[in-house]
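**Q** Got a file for you: protein02.pdb, PDB, C-alpha atoms.
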ATOM      1  CA  MET A   1      -4.876 -18.184  -7.199
ATOM      2  CA  SER A   2      -4.214 -15.288  -9.559
ATOM      3  CA  ILE A   3      -1.112 -13.221  -8.728
ATOM      4  CA  LEU A   4      -3.189 -10.093  -8.553
ATOM      5  CA  ALA A   5      -5.320 -11.736  -5.861
ATOM      6  CA  TYR A   6      -2.366 -12.913  -3.735
ATOM      7  CA  ASN A   7      -2.483  -9.967  -1.367
ATOM      8  CA  GLY A   8      -6.019  -8.668  -1.987
ATOM      9  CA  ALA A   9      -7.072  -5.039  -2.400
ATOM     10  CA  ALA A  10      -9.976  -2.757  -3.265
ATOM     11  CA  ILE A  11      -9.712   0.818  -4.529
ATOM     12  CA  ILE A  12     -12.342   3.240  -5.853
ATOM     13  CA  ALA A  13     -12.021   6.811  -7.108
ATOM     14  CA  MET A  14     -15.018   9.023  -7.820
ATOM     15  CA  ASN A  15     -15.648  12.391  -9.397
ATOM     16  CA  GLY A  16     -17.723  15.045  -7.664
ATOM     17  CA  LYS A  17     -18.484  18.736  -7.965
ATOM     18  CA  ASP A  18     -15.014  20.359  -8.003
ATOM     19  CA  CYS A  19     -13.660  17.520  -5.925
ATOM     20  CA  VAL A  20     -12.493  13.931  -6.226
ATOM     21  CA  ALA A  21     -12.454  11.153  -3.676
ATOM     22  CA  ILE A  22     -10.256   8.082  -3.563
ATOM     23  CA  ALA A  23     -10.781   5.234  -1.124
ATOM     24  CA  ALA A  24      -9.067   1.929  -0.377
ATOM     25  CA  ASP A  25      -9.185  -0.949   2.046
ATOM     26  CA  ARG A  26      -6.273  -1.461   4.465
ATOM     27  CA  ARG A  27      -5.737  -5.181   4.578
ATOM     28  CA  PHE A  28      -2.377  -6.753   3.961
ATOM     29  CA  GLY A  29      -2.712 -10.494   3.719
ATOM     30  CA  VAL A  30      -0.975 -13.512   2.276
ATOM     31  CA  GLN A  31      -3.749 -15.431   0.536
ATOM     32  CA  ALA A  32      -6.071 -16.440   3.350
ATOM     33  CA  GLN A  33      -4.047 -15.110   6.254
ATOM     34  CA  THR A  34      -4.300 -11.431   7.259
ATOM     35  CA  VAL A  35      -0.975 -10.016   8.425
ATOM     36  CA  SER A  36      -1.755  -6.388   9.149
ATOM     37  CA  MET A  37      -4.634  -3.930   8.965
ATOM     38  CA  ASP A  38      -2.712  -0.734   8.314
ATOM     39  CA  PHE A  39      -1.210  -1.271   4.914
ATOM     40  CA  ASP A  40      -1.605   1.904   2.895
ATOM     41  CA  LYS A  41      -2.354   1.513  -0.771
ATOM     42  CA  ILE A  42      -2.999   5.172  -1.521
ATOM     43  CA  PHE A  43       0.068   7.364  -1.915
ATOM     44  CA  GLU A  44       0.233  11.127  -2.036
ATOM     45  CA  MET A  45       2.126  12.250  -5.112
ATOM     46  CA  GLY A  46       1.401  15.968  -4.884
ATOM     47  CA  PRO A  47      -0.780  18.311  -2.837
ATOM     48  CA  HIS A  48      -3.836  17.377  -4.905
ATOM     49  CA  LEU A  49      -2.690  14.210  -6.616
ATOM     50  CA  TYR A  50      -3.111  10.713  -5.240
ATOM     51  CA  ILE A  51      -2.468   7.283  -6.675
ATOM     52  CA  GLY A  52      -4.024   4.048  -5.443
ATOM     53  CA  LEU A  53      -2.118   0.827  -6.116
ATOM     54  CA  PRO A  54      -3.963  -2.468  -5.696
ATOM     55  CA  GLY A  55      -2.280  -5.748  -6.512
ATOM     56  CA  LEU A  56       0.841  -7.582  -5.400
ATOM     57  CA  ALA A  57       2.156  -5.830  -2.286
ATOM     58  CA  THR A  58       5.821  -5.973  -3.244
ATOM     59  CA  ASP A  59       5.049  -4.283  -6.560
ATOM     60  CA  VAL A  60       2.810  -1.733  -4.800
ATOM     61  CA  GLN A  61       5.846  -0.676  -2.775
ATOM     62  CA  THR A  62       8.324  -0.870  -5.669
ATOM     63  CA  VAL A  63       6.098   1.052  -8.093
ATOM     64  CA  SER A  64       5.281   3.772  -5.581
ATOM     65  CA  GLN A  65       8.978   4.247  -4.773
ATOM     66  CA  ARG A  66      10.027   4.299  -8.457
ATOM     67  CA  LEU A  67       7.181   6.651  -9.313
ATOM     68  CA  ASN A  68       8.115   9.009  -6.499
ATOM     69  CA  PHE A  69      11.636   9.157  -7.869
ATOM     70  CA  ARG A  70      10.461   9.958 -11.392
ATOM     71  CA  LEU A  71       8.027  12.521 -10.111
ATOM     72  CA  LYS A  72      10.668  14.325  -8.066
ATOM     73  CA  MET A  73      12.989  14.390 -11.098
ATOM     74  CA  TYR A  74      10.148  15.851 -13.165
ATOM     75  CA  GLU A  75       9.485  18.532 -10.583
ATOM     76  CA  LEU A  76      13.168  19.419 -10.386
ATOM     77  CA  ARG A  77      13.532  19.670 -14.150
ATOM     78  CA  GLU A  78      10.272  21.459 -14.906
ATOM     79  CA  ASN A  79      10.111  23.475 -11.694
ATOM     80  CA  ARG A  80       6.354  23.055 -11.371
ATOM     81  CA  ARG A  81       3.729  20.636 -10.126
ATOM     82  CA  ILE A  82       2.746  17.834 -12.482
ATOM     83  CA  ARG A  83      -0.724  17.737 -14.012
ATOM     84  CA  PRO A  84      -2.828  14.643 -13.267
ATOM     85  CA  LYS A  85      -3.090  13.697 -16.935
ATOM     86  CA  THR A  86       0.675  13.908 -17.401
ATOM     87  CA  PHE A  87       1.181  11.909 -14.230
ATOM     88  CA  MET A  88      -1.121   9.234 -15.578
ATOM     89  CA  SER A  89       1.047   9.018 -18.690
ATOM     90  CA  MET A  90       4.134   8.764 -16.490
ATOM     91  CA  VAL A  91       2.631   5.788 -14.646
ATOM     92  CA  SER A  92       1.546   4.218 -17.922
ATOM     93  CA  ASN A  93       5.086   4.535 -19.273
ATOM     94  CA  LEU A  94       6.601   3.029 -16.146
ATOM     95  CA  LEU A  95       4.320   0.014 -16.410
ATOM     96  CA  TYR A  96       4.727  -0.519 -20.158
ATOM     97  CA  GLU A  97       8.518  -0.535 -19.769
ATOM     98  CA  ARG A  98       7.936  -3.887 -18.134
ATOM     99  CA  ARG A  99       5.577  -5.145 -20.825
ATOM    100  CA  PHE A 100       6.996  -8.692 -20.782
ATOM    101  CA  GLY A 101       7.577  -9.051 -17.067
ATOM    102  CA  PRO A 102       5.047  -6.649 -15.622
ATOM    103  CA  TYR A 103       4.484  -5.145 -12.222
ATOM    104  CA  PHE A 104       1.334  -6.745 -10.858
ATOM    105  CA  VAL A 105      -0.493  -3.551  -9.971
ATOM    106  CA  GLU A 106      -3.501  -1.892 -11.625
ATOM    107  CA  PRO A 107      -3.228   1.749 -10.556
ATOM    108  CA  VAL A 108      -5.943   4.336 -10.005
ATOM    109  CA  VAL A 109      -5.037   8.032 -10.283
ATOM    110  CA  ALA A 110      -7.178  10.780  -8.751
ATOM    111  CA  GLY A 111      -6.463  14.472  -8.476
ATOM    112  CA  LEU A 112      -7.188  18.083  -9.287
ATOM    113  CA  ASP A 113      -5.301  20.059 -11.913
ATOM    114  CA  PRO A 114      -2.842  22.364 -10.085
ATOM    115  CA  LYS A 115      -3.954  25.461 -12.030
ATOM    116  CA  THR A 116      -7.572  24.992 -13.087
ATOM    117  CA  HIS A 117      -8.619  22.635 -10.225
ATOM    118  CA  GLN A 118     -10.442  20.492 -12.747
ATOM    119  CA  PRO A 119     -11.178  17.046 -11.208
ATOM    120  CA  PHE A 120      -9.475  14.066 -12.863
ATOM    121  CA  ILE A 121      -9.710  10.310 -12.369
ATOM    122  CA  ALA A 122      -8.202   7.484 -14.383
ATOM    123  CA  SER A 123      -7.280   3.847 -14.044
ATOM    124  CA  MET A 124      -4.855   1.529 -15.798
ATOM    125  CA  ASP A 125      -4.277  -2.151 -16.301
ATOM    126  CA  LEU A 126      -1.047  -3.841 -15.280
ATOM    127  CA  ILE A 127       0.759  -3.009 -18.513
ATOM    128  CA  GLY A 128      -0.279   0.623 -18.486
ATOM    129  CA  CYS A 129      -3.329   0.961 -20.713
ATOM    130  CA  PRO A 130      -4.958   4.171 -19.458
ATOM    131  CA  MET A 131      -8.675   4.795 -19.115
ATOM    132  CA  ILE A 132     -10.007   8.249 -18.238
ATOM    133  CA  THR A 133     -13.631   8.532 -17.148
ATOM    134  CA  ASP A 134     -15.890  11.237 -15.742
ATOM    135  CA  ASP A 135     -17.736   9.186 -13.203
ATOM    136  CA  PHE A 136     -15.779   6.572 -11.223
ATOM    137  CA  VAL A 137     -12.976   4.050 -11.553
ATOM    138  CA  VAL A 138     -12.448   0.847  -9.577
ATOM    139  CA  SER A 139      -9.602  -1.605  -9.260
ATOM    140  CA  GLY A 140      -8.841  -4.635  -7.139
ATOM    141  CA  THR A 141      -9.940  -8.149  -6.316
ATOM    142  CA  CYS A 142     -13.593  -7.242  -5.847
ATOM    143  CA  SER A 143     -13.850  -5.009  -8.912
ATOM    144  CA  GLU A 144     -17.099  -6.611 -10.093
ATOM    145  CA  GLN A 145     -18.773  -5.881  -6.779
ATOM    146  CA  MET A 146     -17.390  -2.347  -6.811
ATOM    147  CA  TYR A 147     -18.654  -1.709 -10.343
ATOM    148  CA  GLY A 148     -22.118  -2.787  -9.266
ATOM    149  CA  MET A 149     -22.126  -0.590  -6.171
ATOM    150  CA  CYS A 150     -20.746   2.471  -7.967
ATOM    151  CA  GLU A 151     -23.118   2.137 -10.894
ATOM    152  CA  SER A 152     -26.105   2.191  -8.586
ATOM    153  CA  LEU A 153     -24.945   4.792  -6.066
ATOM    154  CA  TRP A 154     -23.065   7.365  -8.146
ATOM    155  CA  GLU A 155     -24.665  10.443  -9.600
ATOM    156  CA  PRO A 156     -23.009  13.477 -11.167
ATOM    157  CA  ASN A 157     -22.093  16.671  -9.296
ATOM    158  CA  LEU A 158     -22.026  15.345  -5.753
ATOM    159  CA  GLU A 159     -20.875  17.747  -3.050
ATOM    160  CA  PRO A 160     -17.826  16.644  -1.026
ATOM    161  CA  ASP A 161     -19.849  15.382   1.934
ATOM    162  CA  ASP A 162     -22.256  13.449  -0.258
ATOM    163  CA  LEU A 163     -19.346  12.122  -2.294
ATOM    164  CA  PHE A 164     -17.748  10.861   0.911
ATOM    165  CA  GLU A 165     -20.926   8.995   1.865
ATOM    166  CA  THR A 166     -21.319   7.530  -1.594
ATOM    167  CA  ILE A 167     -17.751   6.326  -2.007
ATOM    168  CA  SER A 168     -17.641   4.895   1.521
ATOM    169  CA  GLN A 169     -20.831   2.928   1.109
ATOM    170  CA  ALA A 170     -19.800   1.679  -2.328
ATOM    171  CA  LEU A 171     -16.392   0.500  -1.102
ATOM    172  CA  MET A 172     -17.528  -1.038   2.163
ATOM    173  CA  ASN A 173     -20.386  -3.034   0.771
ATOM    174  CA  ALA A 174     -18.272  -4.242  -2.132
ATOM    175  CA  PHE A 175     -15.351  -5.493  -0.057
ATOM    176  CA  ASP A 176     -17.670  -7.080   2.481
ATOM    177  CA  ARG A 177     -18.462  -9.539  -0.268
ATOM    178  CA  ASP A 178     -14.804 -10.390  -0.884
ATOM    179  CA  ALA A 179     -12.685 -12.607   1.325
ATOM    180  CA  VAL A 180      -9.290 -11.048   0.601
ATOM    181  CA  SER A 181     -10.101  -7.364   0.928
ATOM    182  CA  GLY A 182     -11.507  -5.255   3.716
ATOM    183  CA  TRP A 183     -10.284  -5.049   7.316
ATOM    184  CA  GLY A 184     -10.587  -1.279   7.534
ATOM    185  CA  ALA A 185     -10.847   1.469   4.953
ATOM    186  CA  VAL A 186      -9.425   4.927   4.314
ATOM    187  CA  VAL A 187     -11.031   7.702   2.233
ATOM    188  CA  TYR A 188      -9.317  10.837   0.907
ATOM    189  CA  ILE A 189     -11.541  13.693  -0.227
ATOM    190  CA  ILE A 190      -9.560  16.097  -2.371
ATOM    191  CA  GLU A 191     -10.976  19.597  -2.735
ATOM    192  CA  LYS A 192      -9.508  22.813  -4.092
ATOM    193  CA  ASP A 193      -8.321  24.099  -0.723
ATOM    194  CA  LYS A 194      -8.004  21.012   1.467
ATOM    195  CA  VAL A 195      -7.654  17.253   1.542
ATOM    196  CA  THR A 196      -9.547  15.303   4.189
ATOM    197  CA  LYS A 197      -8.455  11.832   5.195
ATOM    198  CA  LYS A 198     -11.018   9.711   7.005
ATOM    199  CA  LEU A 199     -10.649   6.226   8.433
ATOM    200  CA  LEU A 200     -13.780   4.127   8.227
ATOM    201  CA  LYS A 201     -14.991   1.775  10.895
ATOM    202  CA  THR A 202     -15.778  -1.449   9.086
ATOM    203  CA  ARG A 203     -16.458  -5.105   9.731
ATOM    204  CA  MET A 204     -13.090  -6.547  10.701
ATOM    205  CA  ASP A 205     -13.435  -9.858   8.994
TER     206      ASP A 205
ATOM    207  CA  GLU B   1      25.359 -12.374   5.642
ATOM    208  CA  TYR B   2      25.403 -10.082   2.618
ATOM    209  CA  ILE B   3      22.940  -7.763   4.335
ATOM    210  CA  ALA B   4      24.768  -7.839   7.661
ATOM    211  CA  LYS B   5      28.081  -6.931   6.034
ATOM    212  CA  ASN B   6      26.516  -4.125   4.031
ATOM    213  CA  ILE B   7      24.992  -2.636   7.149
ATOM    214  CA  GLN B   8      28.410  -2.685   8.843
ATOM    215  CA  LEU B   9      29.871  -0.971   5.762
ATOM    216  CA  TYR B  10      27.299   1.792   6.011
ATOM    217  CA  LYS B  11      28.194   2.308   9.657
ATOM    218  CA  MET B  12      31.872   2.600   8.781
ATOM    219  CA  ARG B  13      31.298   4.932   5.850
ATOM    220  CA  ASN B  14      28.841   7.266   7.509
ATOM    221  CA  GLY B  15      29.845   7.140  11.135
ATOM    222  CA  TYR B  16      26.483   6.060  12.485
ATOM    223  CA  GLU B  17      24.402   2.917  12.463
ATOM    224  CA  LEU B  18      21.443   2.321  10.203
ATOM    225  CA  SER B  19      18.062   2.636  11.879
ATOM    226  CA  PRO B  20      15.862  -0.494  11.804
ATOM    227  CA  HIS B  21      13.539   1.265   9.367
ATOM    228  CA  ALA B  22      16.412   1.988   6.988
ATOM    229  CA  ALA B  23      17.866  -1.515   7.331
ATOM    230  CA  ALA B  24      14.455  -3.036   6.609
ATOM    231  CA  ASN B  25      13.971  -0.917   3.488
ATOM    232  CA  PHE B  26      17.512  -1.698   2.322
ATOM    233  CA  THR B  27      16.844  -5.413   2.717
ATOM    234  CA  ARG B  28      13.534  -5.064   0.912
ATOM    235  CA  LYS B  29      15.179  -3.363  -2.057
ATOM    236  CA  GLN B  30      17.830  -6.114  -2.292
ATOM    237  CA  LEU B  31      15.119  -8.749  -2.204
ATOM    238  CA  ALA B  32      12.941  -6.919  -4.744
ATOM    239  CA  ASP B  33      15.827  -6.470  -7.195
ATOM    240  CA  ALA B  34      16.784 -10.130  -6.886
ATOM    241  CA  LEU B  35      13.158 -11.148  -7.417
ATOM    242  CA  ARG B  36      13.074 -10.165 -11.059
ATOM    243  CA  SER B  37      16.614 -11.269 -11.832
ATOM    244  CA  GLN B  38      17.829 -14.772 -12.668
ATOM    245  CA  THR B  39      18.530 -15.578  -9.020
ATOM    246  CA  PRO B  40      15.641 -14.725  -6.718
ATOM    247  CA  TYR B  41      15.961 -15.431  -3.027
ATOM    248  CA  ASN B  42      13.279 -17.529  -1.376
ATOM    249  CA  VAL B  43      13.239 -16.382   2.221
ATOM    250  CA  ASN B  44      10.607 -14.937   4.535
ATOM    251  CA  MET B  45      11.861 -12.863   7.410
ATOM    252  CA  LEU B  46      11.033 -10.991  10.545
ATOM    253  CA  LEU B  47      13.400  -8.114  11.100
ATOM    254  CA  ALA B  48      13.549  -6.491  14.523
ATOM    255  CA  GLY B  49      15.543  -3.576  15.840
ATOM    256  CA  HIS B  50      15.738  -0.799  18.366
ATOM    257  CA  ASP B  51      16.063   2.869  17.582
ATOM    258  CA  LYS B  52      16.486   5.863  19.880
ATOM    259  CA  GLU B  53      13.815   7.835  18.043
ATOM    260  CA  ASP B  54      11.183   5.240  17.227
ATOM    261  CA  GLY B  55      11.842   2.718  19.953
ATOM    262  CA  PRO B  56      11.580  -0.964  19.131
ATOM    263  CA  SER B  57      10.233  -1.973  15.717
ATOM    264  CA  LEU B  58       9.371  -5.264  14.031
ATOM    265  CA  TYR B  59       9.136  -5.699  10.273
ATOM    266  CA  TYR B  60       7.488  -8.586   8.452
ATOM    267  CA  MET B  61       8.944  -9.327   5.018
ATOM    268  CA  ASP B  62       7.792 -12.122   2.756
ATOM    269  CA  TYR B  63       9.765 -13.838  -0.014
ATOM    270  CA  LEU B  64       8.230 -11.512  -2.607
ATOM    271  CA  ALA B  65       9.741  -8.490  -0.820
ATOM    272  CA  SER B  66       6.660  -6.863   0.646
ATOM    273  CA  LEU B  67       7.481  -4.986   3.820
ATOM    274  CA  ASN B  68       5.183  -4.245   6.745
ATOM    275  CA  LYS B  69       5.802  -2.745  10.134
ATOM    276  CA  VAL B  70       3.826  -4.891  12.566
ATOM    277  CA  PRO B  71       3.292  -5.103  16.322
ATOM    278  CA  PHE B  72       3.608  -8.896  16.125
ATOM    279  CA  GLY B  73       4.261 -11.238  13.221
ATOM    280  CA  VAL B  74       4.453 -14.898  12.286
ATOM    281  CA  HIS B  75       5.522 -16.822   9.206
ATOM    282  CA  GLY B  76       4.361 -20.311   8.287
ATOM    283  CA  TYR B  77       1.518 -22.598   9.258
ATOM    284  CA  GLY B  78       2.070 -21.985  12.965
ATOM    285  CA  GLY B  79       0.932 -18.470  12.215
ATOM    286  CA  PHE B  80      -2.666 -19.492  11.831
ATOM    287  CA  PHE B  81      -2.707 -20.493  15.505
ATOM    288  CA  SER B  82      -0.286 -17.973  16.983
ATOM    289  CA  LEU B  83      -1.908 -14.958  15.385
ATOM    290  CA  SER B  84      -5.183 -15.638  17.169
ATOM    291  CA  VAL B  85      -3.425 -16.006  20.510
ATOM    292  CA  MET B  86      -1.543 -12.765  19.956
ATOM    293  CA  ASP B  87      -4.612 -10.864  18.751
ATOM    294  CA  ARG B  88      -6.271 -11.731  22.036
ATOM    295  CA  TYR B  89      -3.464 -11.103  24.503
ATOM    296  CA  TYR B  90      -1.088  -8.565  22.960
ATOM    297  CA  GLN B  91      -0.885  -5.099  24.540
ATOM    298  CA  LYS B  92       1.246  -2.272  23.203
ATOM    299  CA  ASP B  93       2.898  -1.584  26.540
ATOM    300  CA  MET B  94       3.806  -5.107  27.633
ATOM    301  CA  ASN B  95       7.138  -5.547  29.372
ATOM    302  CA  GLN B  96       9.709  -8.204  28.501
ATOM    303  CA  ASP B  97       8.429 -10.860  30.924
ATOM    304  CA  GLU B  98       4.837 -10.563  29.759
ATOM    305  CA  ALA B  99       6.012 -10.729  26.152
ATOM    306  CA  MET B 100       8.015 -13.904  26.836
ATOM    307  CA  LYS B 101       4.969 -15.466  28.495
ATOM    308  CA  LEU B 102       2.861 -14.608  25.437
ATOM    309  CA  LEU B 103       5.446 -16.123  23.099
ATOM    310  CA  GLN B 104       5.470 -19.263  25.225
ATOM    311  CA  GLN B 105       1.678 -19.422  24.983
ATOM    312  CA  CYS B 106       1.977 -19.242  21.192
ATOM    313  CA  ILE B 107       4.537 -22.040  21.129
ATOM    314  CA  ASP B 108       2.293 -24.183  23.314
ATOM    315  CA  GLU B 109      -0.578 -23.536  20.945
ATOM    316  CA  VAL B 110       1.451 -24.746  17.979
ATOM    317  CA  GLU B 111       2.510 -27.853  19.858
TER     318      GLU B 111
END
In structure tokens, what does this structure look like?
**A**
Amino acid sequence: MSILAYNGAAIIAMNGKDCVAIAADRRFGVQAQTVSMDFDKIFEMGPHLYIGLPGLATDVQTVSQRLNFRLKMYELRENRRIRPKTFMSMVSNLLYERRFGPYFVEPVVAGLDPKTHQPFIASMDLIGCPMITDDFVVSGTCSEQMYGMCESLWEPNLEPDDLFETISQALMNAFDRDAVSGWGAVVYIIEKDKVTKKLLKTRMD
Amino acid sequence: EYIAKNIQLYKMRNGYELSPHAAANFTRKQLADALRSQTPYNVNMLLAGHDKEDGPSLYYMDYLASLNKVPFGVHGYGGFFSLSVMDRYYQKDMNQDEAMKLLQQCIDEVE
């Protein structure tokens, strides 16, 4: 089995009208065996900045801890909140430092610019190659299924409530077709003035 | 033994014992650092402790250093059987006797 599929994960981020949404499954498993259903793969890096980390669970935890450290140092030195695009470059740098012994995570960044509130989503491969898009990004073991779902369901300028419906349906139906992801889902909808976290009721198999 | 001694050192240096959460994260970091060095450890573990603030806690850690706080955990092939038994009968507020009975049921299942 591929190392990236050892623990299983599914993450989507989508762009909406002045908002972004990021959603992930909650399974933590060891190949076929599920160990827990409350493993968080989305980490809050700022009031309107979230990163989703699918891939090998140990690297998910290591990368999020290292990234948190770098981010706090940045905020102490610069005395301001980081911009999503800069944060994406920070993640990319962290991953490329390990070019020949990489962390097995393929991150997804979603957030709003602290000043202009412009929505931003991006994804990266395991050695840090960034990709910024205006519609949606997916990452995880069922990425093909997620691409299919997003391509058919997404449309531009969705309001936060519609965006929530769209991202939830895309994620749930995609990971229902994958053995190693699923077992619960969490969705964060990030708007200018608030962030809503919703837990989805899904098929627990 | 390395971990146990380090935890005692912390207690001596700081005047209070490490919480289970802190001990688990400390162990995880040791394991994760060793993983990408020349001498990785190959050990799965279940770490359990009691804390005044959080109460009892159980942490599942695999040999790749992924850490999870779980209500019940198993390592190995026996897990495939025991997990189903525990999913069915585990309650959050079980007392010690009920918990021992459940563990015995799991052992019987594996046998």
**Q** Translate the PyMOL selection byres ((chain B) within 8 of (chain A)), as applied to the file shown, into an explicit residue set as an MDAnalysis selection string.
**A** chainID B and resid 32 64:68 70 73 80
**Q** Using the chain letters and numbers from the file, which residues does the PyMOL selection byres ((chain A and resi 130) around 12) grab, as a ChimeraX atom specification?
**A** /A:85-93,95-96,106-109,121-129,131-133,137
**Q** Show me the residues close to (-8.7, 21.7, 1.1) - anything with an atom within 12 Å, counting only C-alpha atoms - and format the list as a list in words.
**A** Asp18, Cys19, Val20, Pro47, His48, Leu112, His117, Pro160, Tyr188, Ile189, Ile190, Glu191, Lys192, Asp193, Lys194, Val195, Thr196 and Lys197 of chain A
**Q** What does the PyMOL selection byres ((chain B and resi 57) around 12) select in this file, as an mmCIF file with C-alpha atoms, in the coordinates of the input?
**A**
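Written file, expr-v8.cif:
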data_model
loop_
_atom_site.group_PDB
_atom_site.id
_atom_site.type_symbol
_atom_site.label_atom_id
_atom_site.label_comp_id
_atom_site.auth_asym_id
_atom_site.auth_seq_id
_atom_site.Cartn_x
_atom_site.Cartn_y
_atom_site.Cartn_z
ATOM 1 C CA SER B 19 18.062 2.636 11.879
ATOM 2 C CA PRO B 20 15.862 -0.494 11.804
ATOM 3 C CA HIS B 21 13.539 1.265 9.367
ATOM 4 C CA ALA B 22 16.412 1.988 6.988
ATOM 5 C CA ALA B 23 17.866 -1.515 7.331
ATOM 6 C CA ALA B 24 14.455 -3.036 6.609
ATOM 7 C CA LEU B 46 11.033 -10.991 10.545
ATOM 8 C CA LEU B 47 13.400 -8.114 11.100
ATOM 9 C CA ALA B 48 13.549 -6.491 14.523
ATOM 10 C CA GLY B 49 15.543 -3.576 15.840
ATOM 11 C CA HIS B 50 15.738 -0.799 18.366
ATOM 12 C CA ASP B 51 16.063 2.869 17.582
ATOM 13 C CA LYS B 52 16.486 5.863 19.880
ATOM 14 C CA GLU B 53 13.815 7.835 18.043
ATOM 15 C CA ASP B 54 11.183 5.240 17.227
ATOM 16 C CA GLY B 55 11.842 2.718 19.953
ATOM 17 C CA PRO B 56 11.580 -0.964 19.131
ATOM 18 C CA LEU B 58 9.371 -5.264 14.031
ATOM 19 C CA TYR B 59 9.136 -5.699 10.273
ATOM 20 C CA TYR B 60 7.488 -8.586 8.452
ATOM 21 C CA ASN B 68 5.183 -4.245 6.745
ATOM 22 C CA LYS B 69 5.802 -2.745 10.134
ATOM 23 C CA VAL B 70 3.826 -4.891 12.566
ATOM 24 C CA PRO B 71 3.292 -5.103 16.322
ATOM 25 C CA PHE B 72 3.608 -8.896 16.125
ATOM 26 C CA GLY B 73 4.261 -11.238 13.221
ATOM 27 C CA LYS B 92 1.246 -2.272 23.203
#
**Q** What box, with edges along x, y and z, holds each listed atom of stretch 76-91 of chain A when 3 Å is added on every side, and can you state its centre and edge lengths in Å to one decimal, as lines of an AutoDock Vina configuration file?
**A**
center_x = 5.2
center_y = 14.6
center_z = -14.4
size_x = 22.6
size_y = 23.7
size_z = 14.6
**Q** Just to confirm, what's the straight-line distance from atom CA of A:Gly29 to atom CA of A:Ser181 in Å (one decimal)?
**A**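 Going from atom CA of A:Gly29 over to atom CA of A:Ser181 covers 8.5 Å.
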**Q** What's the separation between atom CA of A:Tyr50 and atom CA of A:Gly111, in Å to one decimal place?
**A**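 Separation between atom CA of A:Tyr50 and atom CA of A:Gly111: 6.0 Å.
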**Q** Name the closest residue to A:Leu200 among the candidates A:Ala23, A:Leu158, A:Ile51, A:Ala110; distances are taken between atoms, counting all atoms listed in the file.
**A**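 That would be A:Ala23, the residue with the smallest distance to A:Leu200.
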**Q** Between B:Leu102, B:Arg13, B:Thr27, B:Ser84, which residue has the minimum interatomic distance to B:Glu1, considering only C-alpha atoms?
**A**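 The answer is B:Thr27, which sits nearest to B:Glu1.
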**Q** Extract, using all atoms listed in the file, all DNA, RNA and protein residues at most 9 Å from B:Gln105, discarding same-chain residues fewer than 5 positions from it, and format them as a short mmCIF file (atom, residue, chain, number, x, y, z; two decimals) with C-alpha atoms, in the coordinates of the input.
**A**
data_model
loop_
_atom_site.label_atom_id
_atom_site.label_comp_id
_atom_site.auth_asym_id
_atom_site.auth_seq_id
_atom_site.Cartn_x
_atom_site.Cartn_y
_atom_site.Cartn_z
CA SER B 82 -0.29 -17.97 16.98
CA VAL B 85 -3.42 -16.01 20.51
CA MET B 86 -1.54 -12.76 19.96
CA MET B 100 8.02 -13.90 26.84
CA VAL B 110 1.45 -24.75 17.98
#
**Q** How many Å separate atom CA of A:Tyr147 from atom CA of A:Arg177?
**A**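 Straight-line distance from atom CA of A:Tyr147 to atom CA of A:Arg177 works out to 12.8 Å.
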**Q** Of the candidates A:Gln31, A:Thr116, A:Ser139, A:Ser2, which one gets nearest to A:Ala179 if we count only C-alpha atoms?
**A**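 Ranked by minimum distance to A:Ala179, first place goes to A:Gln31.
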**Q** Rank B:Val74, B:Leu9, B:Ala34, B:Leu18 by their smallest atom-to-atom distance to B:Cys106, using only C-alpha atoms, and report the top residue only.
**A**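 When distances to B:Cys106 are compared using only C-alpha atoms, the smallest one comes from B:Val74.
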**Q** Give me, as a PyMOL selection string, all polymer residues having an atom no more than 7 Å from stretch 36-45 of chain B, counting all atoms listed in the file and skipping those fewer than 5 positions away in the same chain.
**A** chain B and resi 31+60-63
**Q** Quick one: everything within 10 Å of A:Ser143, counting all atoms listed in the file, minus sequence neighbours fewer than 2 positions away in the same chain. Send it as a ChimeraX atom specification.
**A** /A:9-12,137-141,145-149,171,174-175,178
